[in-house]
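Only one structure is covered here, and it is reproduced in the block below.
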Amino acid sequence: MTNQTVITNSYRPISGAGEFDFDVAIIGAGTAGMAAYREASQYSDRVALIDGGPLGTTCARVGCMPSKLLIAAAEAAHAGSRTPMFGVRYDDPAIDGIAVMKRVRSERDRFVGFVTEAVHGFDKGEIIREYARFEDDHTLRLSSGRKISARTIVIATGSRPAIPQALFAAGERLIVNDDIFDWTDLPGSAAVFGAGVIGLELSQALHRLGVRVRLFGRGGQAGPLTDPVVRQYATDIFSGEFPAIWNADTRISRKGETVAVRWGETADQEASFDYLVAATGRRPNIDKIGLENSGLPLGKTGVPQYDPLSGRVGDTHIFIAGDAAPGLPLLHEAADEGRLAGENAARFPHSYKRSRRTPIGIVFSDPQIAMVGASHASLLARQECHFATGEVSFEDQGRARVMGLNKGILRLYAEHGSARFLGAEMIGPSAEHIAHLLAWSIQANMTVEQILQMPFYHPVLEEGVRTAFRNLNHALGFGPNPPLRCVDCGPGA
């Protein structure tokens, strides 16, 4: 984040350090809060980091790290299923659920420990292990009853699972995805509600670990995908591996010690499960911090209206960052927002906008899903933007076929006229790595022609990316469409 623009500041500047207990008070010690603390501490030693809940960040405790531990176990269990095509056969895996979950919990606790040590290692300001609520725009009441005041405040309170009311019919058999990582053994069955990133990852992982799974989604959602071609490809792939209903109308009830789920046009299909897992998204933790006592401008959802390029709420001295804000609930985004909010809060009223990094979203399913730059839906919503699309299928891509990973499709988008590369959506092999190459190209403001001048080795998966860009170049009118299996592409590239 480099480019800077001074924010026009109509809010009354605050002066006199002795007027407040702290220069900056940060509510929340997650990824965004820790980043804000580090940044603000470069400008002041009067910074308070306030959090009465468990330390360790959402990512380390219940998010990206423990979920990847579960996925890693699932990949190990599934590895042998691909080998018969190579003339190699293994016995069916013997899955020890207790051992699987022991490693998940142990490594999860290790990651959490690193984060906790980092918070306790902060050597400036003050770490306050209490909850906080707004008394007014400059005053926070702590859970002990003590009041503190701050010249500026950063809201970095994170998020929690959002559970639709209908799911509570499952009673104590209802769990959220966070609870999975405290299991001591794998259950026999689970109904997963929500086909977003978390729901997809957990459904496939649990299925591969021997749990009887059925995924229930709404509206045809498949992870974050918005391109209908890629989304349909994804739903077809996952439906071929485990039972999934992508637009389910369900009825939930208890059936002894299990949860009964009925679905279908006349609710004529039913299955019982040990658990109902709510993977139905997350909501910002802003409803219990006394925002009604502040003068902050709130949106329809109750989230403060803020500038994502500065983190500043309206024209006030209050900033917001991470999952507490309605942006992308991703660790690297939260860290960026935390640094931005911390710097601006410490330097207030000299606050600045910063250009943001190119968005990247990855689903660690198999095949992986990736979103880079502008999504298909966002481009359709831009009335002034006319874009072309190029694509490639990985089903006949040379290296993908060699490895037996030839499932997937990549769709690229570029602006007509300028030929500037805008975004991509894909499902396919090594999407987590291809996504980074595409994001770097967008952030470098490269055109399709410039990207095609970059080196491509043979045989690699990236040759498929080049084919997609060649098709995109043709759609823009800048070159011929490459012939199928062209010689310089390499066989099947």
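Convention: chains lettered A, B, ... in structure tokens order; per-chain residue numbering from 1; ligands numbered from 1 as shown.
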Contact residues around segment 90-105 of chain A with only C-alpha atoms at 9 Å, ignoring same-chain residues under 5 positions, as a PDB file with N, CA, C and O atoms, in the first residue's frame:
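Printed below is around.pdb as written:
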```pdb
ATOM      1  N   PRO A  66      -6.636 -24.400  11.428  1.00  0.00           N
ATOM      2  CA  PRO A  66      -7.191 -25.714  11.760  1.00  0.00           C
ATOM      3  C   PRO A  66      -7.952 -26.352  10.604  1.00  0.00           C
ATOM      4  O   PRO A  66      -7.940 -27.578  10.454  1.00  0.00           O
ATOM      5  N   SER A  67      -8.612 -25.535   9.774  1.00  0.00           N
ATOM      6  CA  SER A  67      -9.314 -26.126   8.629  1.00  0.00           C
ATOM      7  C   SER A  67      -8.325 -26.753   7.658  1.00  0.00           C
ATOM      8  O   SER A  67      -8.595 -27.818   7.074  1.00  0.00           O
ATOM      9  N   LYS A  68      -7.163 -26.123   7.463  1.00  0.00           N
ATOM     10  CA  LYS A  68      -6.166 -26.714   6.562  1.00  0.00           C
ATOM     11  C   LYS A  68      -5.544 -27.975   7.162  1.00  0.00           C
ATOM     12  O   LYS A  68      -5.126 -28.874   6.434  1.00  0.00           O
ATOM     13  N   LEU A  69      -5.485 -28.056   8.473  1.00  0.00           N
ATOM     14  CA  LEU A  69      -5.016 -29.283   9.118  1.00  0.00           C
ATOM     15  C   LEU A  69      -5.980 -30.429   8.838  1.00  0.00           C
ATOM     16  O   LEU A  69      -5.564 -31.561   8.555  1.00  0.00           O
ATOM     17  N   LEU A  70      -7.278 -30.153   8.914  1.00  0.00           N
ATOM     18  CA  LEU A  70      -8.272 -31.177   8.615  1.00  0.00           C
ATOM     19  C   LEU A  70      -8.206 -31.563   7.136  1.00  0.00           C
ATOM     20  O   LEU A  70      -8.288 -32.741   6.778  1.00  0.00           O
ATOM     21  N   ALA A  73      -5.279 -33.883   6.375  1.00  0.00           N
ATOM     22  CA  ALA A  73      -5.572 -35.277   6.721  1.00  0.00           C
ATOM     23  C   ALA A  73      -6.461 -35.918   5.660  1.00  0.00           C
ATOM     24  O   ALA A  73      -6.262 -37.080   5.274  1.00  0.00           O
ATOM     25  N   ALA A  76      -4.468 -36.797   2.608  1.00  0.00           N
ATOM     26  CA  ALA A  76      -3.683 -38.012   2.832  1.00  0.00           C
ATOM     27  C   ALA A  76      -4.557 -39.253   2.679  1.00  0.00           C
ATOM     28  O   ALA A  76      -4.145 -40.270   2.103  1.00  0.00           O
ATOM     29  N   ALA A  77      -5.796 -39.184   3.183  1.00  0.00           N
ATOM     30  CA  ALA A  77      -6.707 -40.318   3.084  1.00  0.00           C
ATOM     31  C   ALA A  77      -7.136 -40.580   1.641  1.00  0.00           C
ATOM     32  O   ALA A  77      -7.392 -41.717   1.247  1.00  0.00           O
ATOM     33  N   HIS A  78      -7.188 -39.518   0.850  1.00  0.00           N
ATOM     34  CA  HIS A  78      -7.703 -39.605  -0.522  1.00  0.00           C
ATOM     35  C   HIS A  78      -6.608 -39.892  -1.543  1.00  0.00           C
ATOM     36  O   HIS A  78      -6.898 -40.239  -2.689  1.00  0.00           O
ATOM     37  N   GLY A  80      -4.538 -42.231  -2.304  1.00  0.00           N
ATOM     38  CA  GLY A  80      -4.480 -43.489  -3.014  1.00  0.00           C
ATOM     39  C   GLY A  80      -5.566 -43.689  -4.044  1.00  0.00           C
ATOM     40  O   GLY A  80      -5.454 -44.557  -4.924  1.00  0.00           O
ATOM     41  N   SER A  81      -6.630 -42.894  -3.980  1.00  0.00           N
ATOM     42  CA  SER A  81      -7.749 -43.083  -4.903  1.00  0.00           C
ATOM     43  C   SER A  81      -7.389 -42.694  -6.331  1.00  0.00           C
ATOM     44  O   SER A  81      -8.051 -43.120  -7.278  1.00  0.00           O
ATOM     45  N   THR A  83      -4.337 -43.229  -7.749  1.00  0.00           N
ATOM     46  CA  THR A  83      -3.182 -43.959  -8.274  1.00  0.00           C
ATOM     47  C   THR A  83      -3.508 -45.091  -9.248  1.00  0.00           C
ATOM     48  O   THR A  83      -2.630 -45.469 -10.027  1.00  0.00           O
ATOM     49  N   PRO A  84      -4.714 -45.690  -9.251  1.00  0.00           N
ATOM     50  CA  PRO A  84      -4.955 -46.780 -10.210  1.00  0.00           C
ATOM     51  C   PRO A  84      -4.719 -46.387 -11.668  1.00  0.00           C
ATOM     52  O   PRO A  84      -4.308 -47.236 -12.473  1.00  0.00           O
ATOM     53  N   ARG A 110      -0.761 -25.009  18.879  1.00  0.00           N
ATOM     54  CA  ARG A 110       0.585 -24.488  18.651  1.00  0.00           C
ATOM     55  C   ARG A 110       0.530 -23.145  17.929  1.00  0.00           C
ATOM     56  O   ARG A 110       1.206 -22.191  18.315  1.00  0.00           O
ATOM     57  N   PHE A 181     -13.212 -28.184  15.376  1.00  0.00           N
ATOM     58  CA  PHE A 181     -11.789 -28.312  15.686  1.00  0.00           C
ATOM     59  C   PHE A 181     -11.529 -28.658  17.152  1.00  0.00           C
ATOM     60  O   PHE A 181     -10.377 -28.804  17.562  1.00  0.00           O
ATOM     61  N   ASP A 182     -12.610 -28.797  17.923  1.00  0.00           N
ATOM     62  CA  ASP A 182     -12.479 -29.299  19.288  1.00  0.00           C
ATOM     63  C   ASP A 182     -12.943 -30.745  19.411  1.00  0.00           C
ATOM     64  O   ASP A 182     -12.920 -31.311  20.505  1.00  0.00           O
ATOM     65  N   TRP A 183     -13.381 -31.344  18.306  1.00  0.00           N
ATOM     66  CA  TRP A 183     -13.760 -32.763  18.340  1.00  0.00           C
ATOM     67  C   TRP A 183     -12.564 -33.615  18.779  1.00  0.00           C
ATOM     68  O   TRP A 183     -11.418 -33.339  18.405  1.00  0.00           O
ATOM     69  N   THR A 184     -12.859 -34.655  19.557  1.00  0.00           N
ATOM     70  CA  THR A 184     -11.820 -35.626  19.917  1.00  0.00           C
ATOM     71  C   THR A 184     -11.864 -36.849  19.016  1.00  0.00           C
ATOM     72  O   THR A 184     -10.954 -37.682  19.042  1.00  0.00           O
ATOM     73  N   ASP A 185     -12.912 -36.967  18.214  1.00  0.00           N
ATOM     74  CA  ASP A 185     -13.045 -38.069  17.271  1.00  0.00           C
ATOM     75  C   ASP A 185     -13.952 -37.604  16.141  1.00  0.00           C
ATOM     76  O   ASP A 185     -14.682 -36.610  16.279  1.00  0.00           O
ATOM     77  N   LEU A 186     -13.900 -38.294  15.027  1.00  0.00           N
ATOM     78  CA  LEU A 186     -14.766 -37.975  13.904  1.00  0.00           C
ATOM     79  C   LEU A 186     -16.126 -38.637  14.095  1.00  0.00           C
ATOM     80  O   LEU A 186     -16.200 -39.793  14.522  1.00  0.00           O
ATOM     81  N   PRO A 187     -17.212 -37.938  13.783  1.00  0.00           N
ATOM     82  CA  PRO A 187     -18.544 -38.538  13.915  1.00  0.00           C
ATOM     83  C   PRO A 187     -18.840 -39.476  12.751  1.00  0.00           C
ATOM     84  O   PRO A 187     -18.084 -39.536  11.768  1.00  0.00           O
ATOM     85  N   LEU A 209     -12.620 -38.260   4.911  1.00  0.00           N
ATOM     86  CA  LEU A 209     -12.177 -38.887   6.158  1.00  0.00           C
ATOM     87  C   LEU A 209     -13.182 -39.921   6.653  1.00  0.00           C
ATOM     88  O   LEU A 209     -13.105 -40.383   7.793  1.00  0.00           O
ATOM     89  N   GLY A 210     -14.129 -40.284   5.796  1.00  0.00           N
ATOM     90  CA  GLY A 210     -15.036 -41.373   6.116  1.00  0.00           C
ATOM     91  C   GLY A 210     -16.325 -40.975   6.791  1.00  0.00           C
ATOM     92  O   GLY A 210     -17.109 -41.847   7.181  1.00  0.00           O
TER      93      GLY A 210
END
```
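Proximity to Leu412 of chain A was assessed for A:Val229, A:Glu270, A:Gly302, A:Glu107 counting only C-alpha atoms; the smallest distance is recorded for A:Val229.
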Check your understanding: Contacts of segment 423-436 of chain A at 10 Å or less, counting only C-alpha atoms, minus same-chain residues fewer than 4 places along, as a PyMOL selection string?
Key -> chain A and resi 224-227+229-231+233-234+237+358-376+378-379+389-395+400+403-415+440-442+461-462+465
Exercise for review: Would you please give, as a PyMOL selection string, all residues of segment 259-465 of chain A that DSSP assigns to strand (DSSP E or B) based on the backbone?
Suggested key: chain A and resi 259-263+269-273+275-278+282-284+298+304+306+312-313+318-320+352-354+360-363+368-373+387-393+409-415+420-428+447
Exercise for review: Would you kindly return, as a count of residues only, each protein, DNA or RNA residue with an atom no farther than 9 Å from any atom of segment 114-117 of chain A, considering only C-alpha atoms and excluding same-chain residues fewer than 6 positions away?
Suggested key: 5
Check your understanding: Running DSSP on the backbone, which parts of segment 243-409 of chain A land in helix (DSSP H, G or I), as a VMD selection string?
Key -> chain A and resid 291 to 293 322 to 324 331 to 347 376 to 381 398 to 403
Shell of 9 Å around Asp23 of chain A, only C-alpha atoms, local chain residues under 4 positions omitted, as an mmCIF file with C-alpha atoms, in the first residue's frame:
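Dumped to result_29.cif:
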```
data_model
loop_
_atom_site.group_PDB
_atom_site.id
_atom_site.type_symbol
_atom_site.label_atom_id
_atom_site.label_comp_id
_atom_site.auth_asym_id
_atom_site.auth_seq_id
_atom_site.Cartn_x
_atom_site.Cartn_y
_atom_site.Cartn_z
ATOM 1 C CA ALA A 17 -2.365 14.613 24.922
ATOM 2 C CA SER A 44 2.967 6.691 20.298
ATOM 3 C CA ASP A 45 3.652 4.722 23.476
ATOM 4 C CA ARG A 46 0.168 5.606 24.750
ATOM 5 C CA VAL A 47 -1.701 2.841 22.919
ATOM 6 C CA ALA A 48 -4.190 0.470 24.573
ATOM 7 C CA SER A 149 -10.667 7.726 27.307
ATOM 8 C CA ALA A 150 -8.809 7.866 24.018
ATOM 9 C CA ARG A 151 -8.088 10.527 21.435
ATOM 10 C CA THR A 152 -8.851 8.017 18.667
ATOM 11 C CA ILE A 153 -10.357 4.524 18.680
ATOM 12 C CA ALA A 345 -5.559 6.609 14.229
ATOM 13 C CA ALA A 346 -2.095 7.410 15.634
#
```
Tell me which protein, DNA and RNA residues are within 9 Å of Phe238 of chain A, counting only C-alpha atoms, leaving out same-chain ones fewer than 6 positions away, and put them as a compact mmCIF listing (two decimals) with all heavy atoms, in the first residue's frame.
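Here's the written file around.txt:
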```txt
# COMPACT_ATOMS: atom_id res chain seq x y z
N LEU A 200 -17.86 -25.78 1.71
CA LEU A 200 -17.25 -26.62 0.70
C LEU A 200 -16.03 -27.36 1.25
O LEU A 200 -15.88 -28.57 1.07
CB LEU A 200 -16.83 -25.79 -0.51
CG LEU A 200 -17.88 -25.49 -1.58
CD1 LEU A 200 -17.24 -24.72 -2.73
CD2 LEU A 200 -18.53 -26.76 -2.08
N GLN A 204 -16.10 -31.61 1.89
CA GLN A 204 -15.21 -32.52 1.16
C GLN A 204 -14.21 -33.19 2.10
O GLN A 204 -13.96 -34.39 1.98
CB GLN A 204 -14.48 -31.75 0.07
CG GLN A 204 -13.67 -32.65 -0.86
CD GLN A 204 -13.01 -31.88 -1.97
OE1 GLN A 204 -12.31 -30.89 -1.74
NE2 GLN A 204 -13.23 -32.31 -3.20
N ALA A 244 -24.69 -33.45 -2.54
CA ALA A 244 -24.81 -32.01 -2.34
C ALA A 244 -26.09 -31.53 -3.01
O ALA A 244 -26.41 -31.94 -4.13
CB ALA A 244 -23.60 -31.27 -2.90
N ASP A 366 -10.69 -29.57 -3.51
CA ASP A 366 -9.96 -30.31 -4.55
C ASP A 366 -10.95 -30.64 -5.67
O ASP A 366 -11.84 -31.47 -5.47
CB ASP A 366 -9.39 -31.59 -3.96
CG ASP A 366 -8.64 -32.43 -5.00
OD1 ASP A 366 -8.22 -31.86 -6.03
OD2 ASP A 366 -8.49 -33.65 -4.78
```
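Of note, atom CA of Arg108 of chain A and atom CA of Asp178 of chain A are spaced 11.9 Å apart.
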